[in-house]
$ cat target-v7.cif   # mmCIF, C-alpha atoms, pLDDT in the B column; chains and numbers go by the auth columns
data_run
#
loop_
_atom_site.group_PDB
_atom_site.id
_atom_site.type_symbol
_atom_site.label_atom_id
_atom_site.label_comp_id
_atom_site.label_asym_id
_atom_site.label_seq_id
_atom_site.Cartn_x
_atom_site.Cartn_y
_atom_site.Cartn_z
_atom_site.B_iso_or_equiv
_atom_site.auth_seq_id
_atom_site.auth_asym_id
ATOM 1 C CA MET A 1 20.263 -25.258 -6.333 86.00 1 A
ATOM 2 C CA ALA A 2 21.922 -22.047 -5.102 91.00 2 A
ATOM 3 C CA LYS A 3 20.725 -18.785 -6.586 97.00 3 A
ATOM 4 C CA THR A 4 21.993 -15.222 -6.596 98.00 4 A
ATOM 5 C CA ILE A 5 19.837 -12.669 -4.804 98.00 5 A
ATOM 6 C CA THR A 6 20.461 -8.938 -5.127 98.00 6 A
ATOM 7 C CA LEU A 7 18.975 -6.511 -2.601 98.00 7 A
ATOM 8 C CA PHE A 8 18.824 -2.721 -2.959 98.00 8 A
ATOM 9 C CA LEU A 9 18.818 -0.561 0.187 96.00 9 A
ATOM 10 C CA SER A 10 18.314 3.187 -0.170 95.00 10 A
ATOM 11 C CA THR A 11 16.804 4.240 3.162 91.00 11 A
ATOM 12 C CA SER A 12 18.568 5.222 6.366 87.00 12 A
ATOM 13 C CA PRO A 13 18.792 2.710 9.204 86.00 13 A
ATOM 14 C CA TYR A 14 16.893 4.834 11.706 82.00 14 A
ATOM 15 C CA THR A 15 13.773 6.014 9.853 78.00 15 A
ATOM 16 C CA HIS A 16 12.325 2.846 8.312 81.00 16 A
ATOM 17 C CA GLU A 17 12.277 -0.865 9.047 87.00 17 A
ATOM 18 C CA ASN A 18 13.815 -1.553 5.639 90.00 18 A
ATOM 19 C CA THR A 19 17.239 -2.126 7.191 89.00 19 A
ATOM 20 C CA LEU A 20 15.930 -4.831 9.512 88.00 20 A
ATOM 21 C CA THR A 21 14.035 -6.461 6.647 93.00 21 A
ATOM 22 C CA THR A 22 17.141 -6.412 4.458 95.00 22 A
ATOM 23 C CA VAL A 23 19.243 -7.982 7.223 93.00 23 A
ATOM 24 C CA ARG A 24 16.692 -10.750 7.770 95.00 24 A
ATOM 25 C CA ILE A 25 16.304 -11.551 4.060 97.00 25 A
ATOM 26 C CA ALA A 26 20.079 -11.610 3.525 98.00 26 A
ATOM 27 C CA GLU A 27 20.631 -13.758 6.610 97.00 27 A
ATOM 28 C CA SER A 28 17.994 -16.296 5.568 98.00 28 A
ATOM 29 C CA ALA A 29 19.274 -16.510 2.000 98.00 29 A
ATOM 30 C CA LEU A 30 22.879 -16.988 3.140 98.00 30 A
ATOM 31 C CA LYS A 31 21.806 -19.779 5.519 98.00 31 A
ATOM 32 C CA LYS A 32 20.198 -21.566 2.570 97.00 32 A
ATOM 33 C CA GLY A 33 23.440 -21.344 0.595 98.00 33 A
ATOM 34 C CA HIS A 34 22.471 -18.589 -1.827 98.00 34 A
ATOM 35 C CA THR A 35 24.805 -15.846 -3.027 98.00 35 A
ATOM 36 C CA VAL A 36 23.593 -12.471 -1.750 98.00 36 A
ATOM 37 C CA ASN A 37 24.574 -9.073 -3.151 98.00 37 A
ATOM 38 C CA LEU A 38 23.542 -5.860 -1.426 98.00 38 A
ATOM 39 C CA ILE A 39 23.624 -2.528 -3.218 98.00 39 A
ATOM 40 C CA ALA A 40 23.432 0.409 -0.798 97.00 40 A
ATOM 41 C CA SER A 41 22.721 3.806 -2.277 96.00 41 A
ATOM 42 C CA ALA A 42 21.645 7.246 -1.049 95.00 42 A
ATOM 43 C CA ASP A 43 20.746 7.065 2.672 92.00 43 A
ATOM 44 C CA GLY A 44 21.284 3.289 2.679 92.00 44 A
ATOM 45 C CA VAL A 45 25.022 3.967 2.886 93.00 45 A
ATOM 46 C CA TYR A 46 24.492 5.205 6.455 89.00 46 A
ATOM 47 C CA CYS A 47 23.796 1.594 7.481 87.00 47 A
ATOM 48 C CA PHE A 48 27.536 0.946 7.231 88.00 48 A
ATOM 49 C CA LEU A 49 28.699 3.718 9.559 87.00 49 A
ATOM 50 C CA LYS A 50 29.663 2.751 13.095 85.00 50 A
ATOM 51 C CA LYS A 51 26.955 2.760 15.763 76.00 51 A
ATOM 52 C CA GLN A 52 24.024 3.345 13.418 74.00 52 A
ATOM 53 C CA LYS A 53 20.918 2.069 15.209 72.00 53 A
ATOM 54 C CA ALA A 54 18.176 0.662 13.034 66.00 54 A
ATOM 55 C CA LYS A 55 14.787 1.754 14.342 63.00 55 A
ATOM 56 C CA GLY A 56 15.885 1.091 17.943 59.00 56 A
ATOM 57 C CA ILE A 57 16.279 -2.637 17.327 63.00 57 A
ATOM 58 C CA MET A 58 19.862 -3.316 16.313 75.00 58 A
ATOM 59 C CA ASN A 59 23.186 -1.865 15.380 85.00 59 A
ATOM 60 C CA ALA A 60 23.047 -1.897 11.577 86.00 60 A
ATOM 61 C CA GLU A 61 26.805 -1.744 11.044 87.00 61 A
ATOM 62 C CA GLU A 62 27.420 -4.734 13.339 88.00 62 A
ATOM 63 C CA GLU A 63 24.662 -6.782 11.712 90.00 63 A
ATOM 64 C CA PHE A 64 25.977 -6.151 8.208 94.00 64 A
ATOM 65 C CA SER A 65 29.568 -6.841 9.346 94.00 65 A
ATOM 66 C CA THR A 66 28.454 -10.249 10.598 95.00 66 A
ATOM 67 C CA LEU A 67 26.686 -10.971 7.317 97.00 67 A
ATOM 68 C CA ILE A 68 29.738 -9.892 5.313 97.00 68 A
ATOM 69 C CA GLN A 69 31.767 -12.474 7.231 98.00 69 A
ATOM 70 C CA LYS A 70 29.155 -15.065 6.213 98.00 70 A
ATOM 71 C CA GLY A 71 29.465 -14.160 2.528 98.00 71 A
ATOM 72 C CA LEU A 72 27.335 -11.070 1.887 98.00 72 A
ATOM 73 C CA LYS A 73 28.784 -8.947 -0.914 98.00 73 A
ATOM 74 C CA VAL A 74 28.185 -5.216 -0.437 98.00 74 A
ATOM 75 C CA TYR A 75 28.423 -2.509 -3.069 98.00 75 A
ATOM 76 C CA LEU A 76 28.261 1.120 -1.937 94.00 76 A
#

$ encode --input "target-v7.cif" --output "structure tokens"
Amino acid sequence: MAKTITLFLSTSPYTHENTLTTVRIAESALKKGHTVNLIASADGVYCFLKKQKAKGIMNAEEEFSTLIQKGLKVYL
């Protein structure tokens, strides 16, 4: 049975690993057929600016763009 999961991201993509964790949780939930909402507030909004690197691992904006195409709903 599909569920709705809501994530809250309030930290910048380059100071904490929260962005990477949020991407991984959202990606896994979407693969399992769940509805995923992401609320970005405060510094979490920076994750959606172009070329924002998340702790040297990934481009946050590109990762979230891919997830949006897969069904992620984002609220800024």

$ resolve_selection --input "target-v7.cif" --expression "the PyMOL selection byres ((chain A and resi 62) around 10)" --output "list in words"
Cys47, Phe48, Leu49, Lys50, Lys51, Gln52, Lys53, Met58, Asn59, Ala60, Glu61, Glu63, Phe64, Ser65, Thr66, Leu67 and Ile68 of chain A

$ closest_residue --input "target-v7.cif" --among "A:Leu20, A:Ala42, A:Val36, A:Ala2" --to "Gly71 (chain A)" --atoms "all atoms listed in the file"
A:Val36

$ closest_residue --input "target-v7.cif" --among "A:Arg24, A:Thr35, A:Tyr75, A:Val45" --to "Thr11 (chain A)" --atoms "all atoms listed in the file"
A:Val45

$ resolve_selection --input "target-v7.cif" --expression "the PyMOL selection byres ((chain A and resi 6) around 9)" --output "NGL selection string"
:A and (4-5 or 7-8 or 35-39)

$ closest_residue --input "target-v7.cif" --among "A:Glu17, A:Leu76, A:Lys3, A:Leu9" --to "His34 (chain A)" --atoms "all atoms listed in the file"
A:Lys3

$ atom_distance --input "target-v7.cif" --atom1 "CA of Gly44 (chain A)" --atom2 "CA of Leu30 (chain A)"
20.3 Å
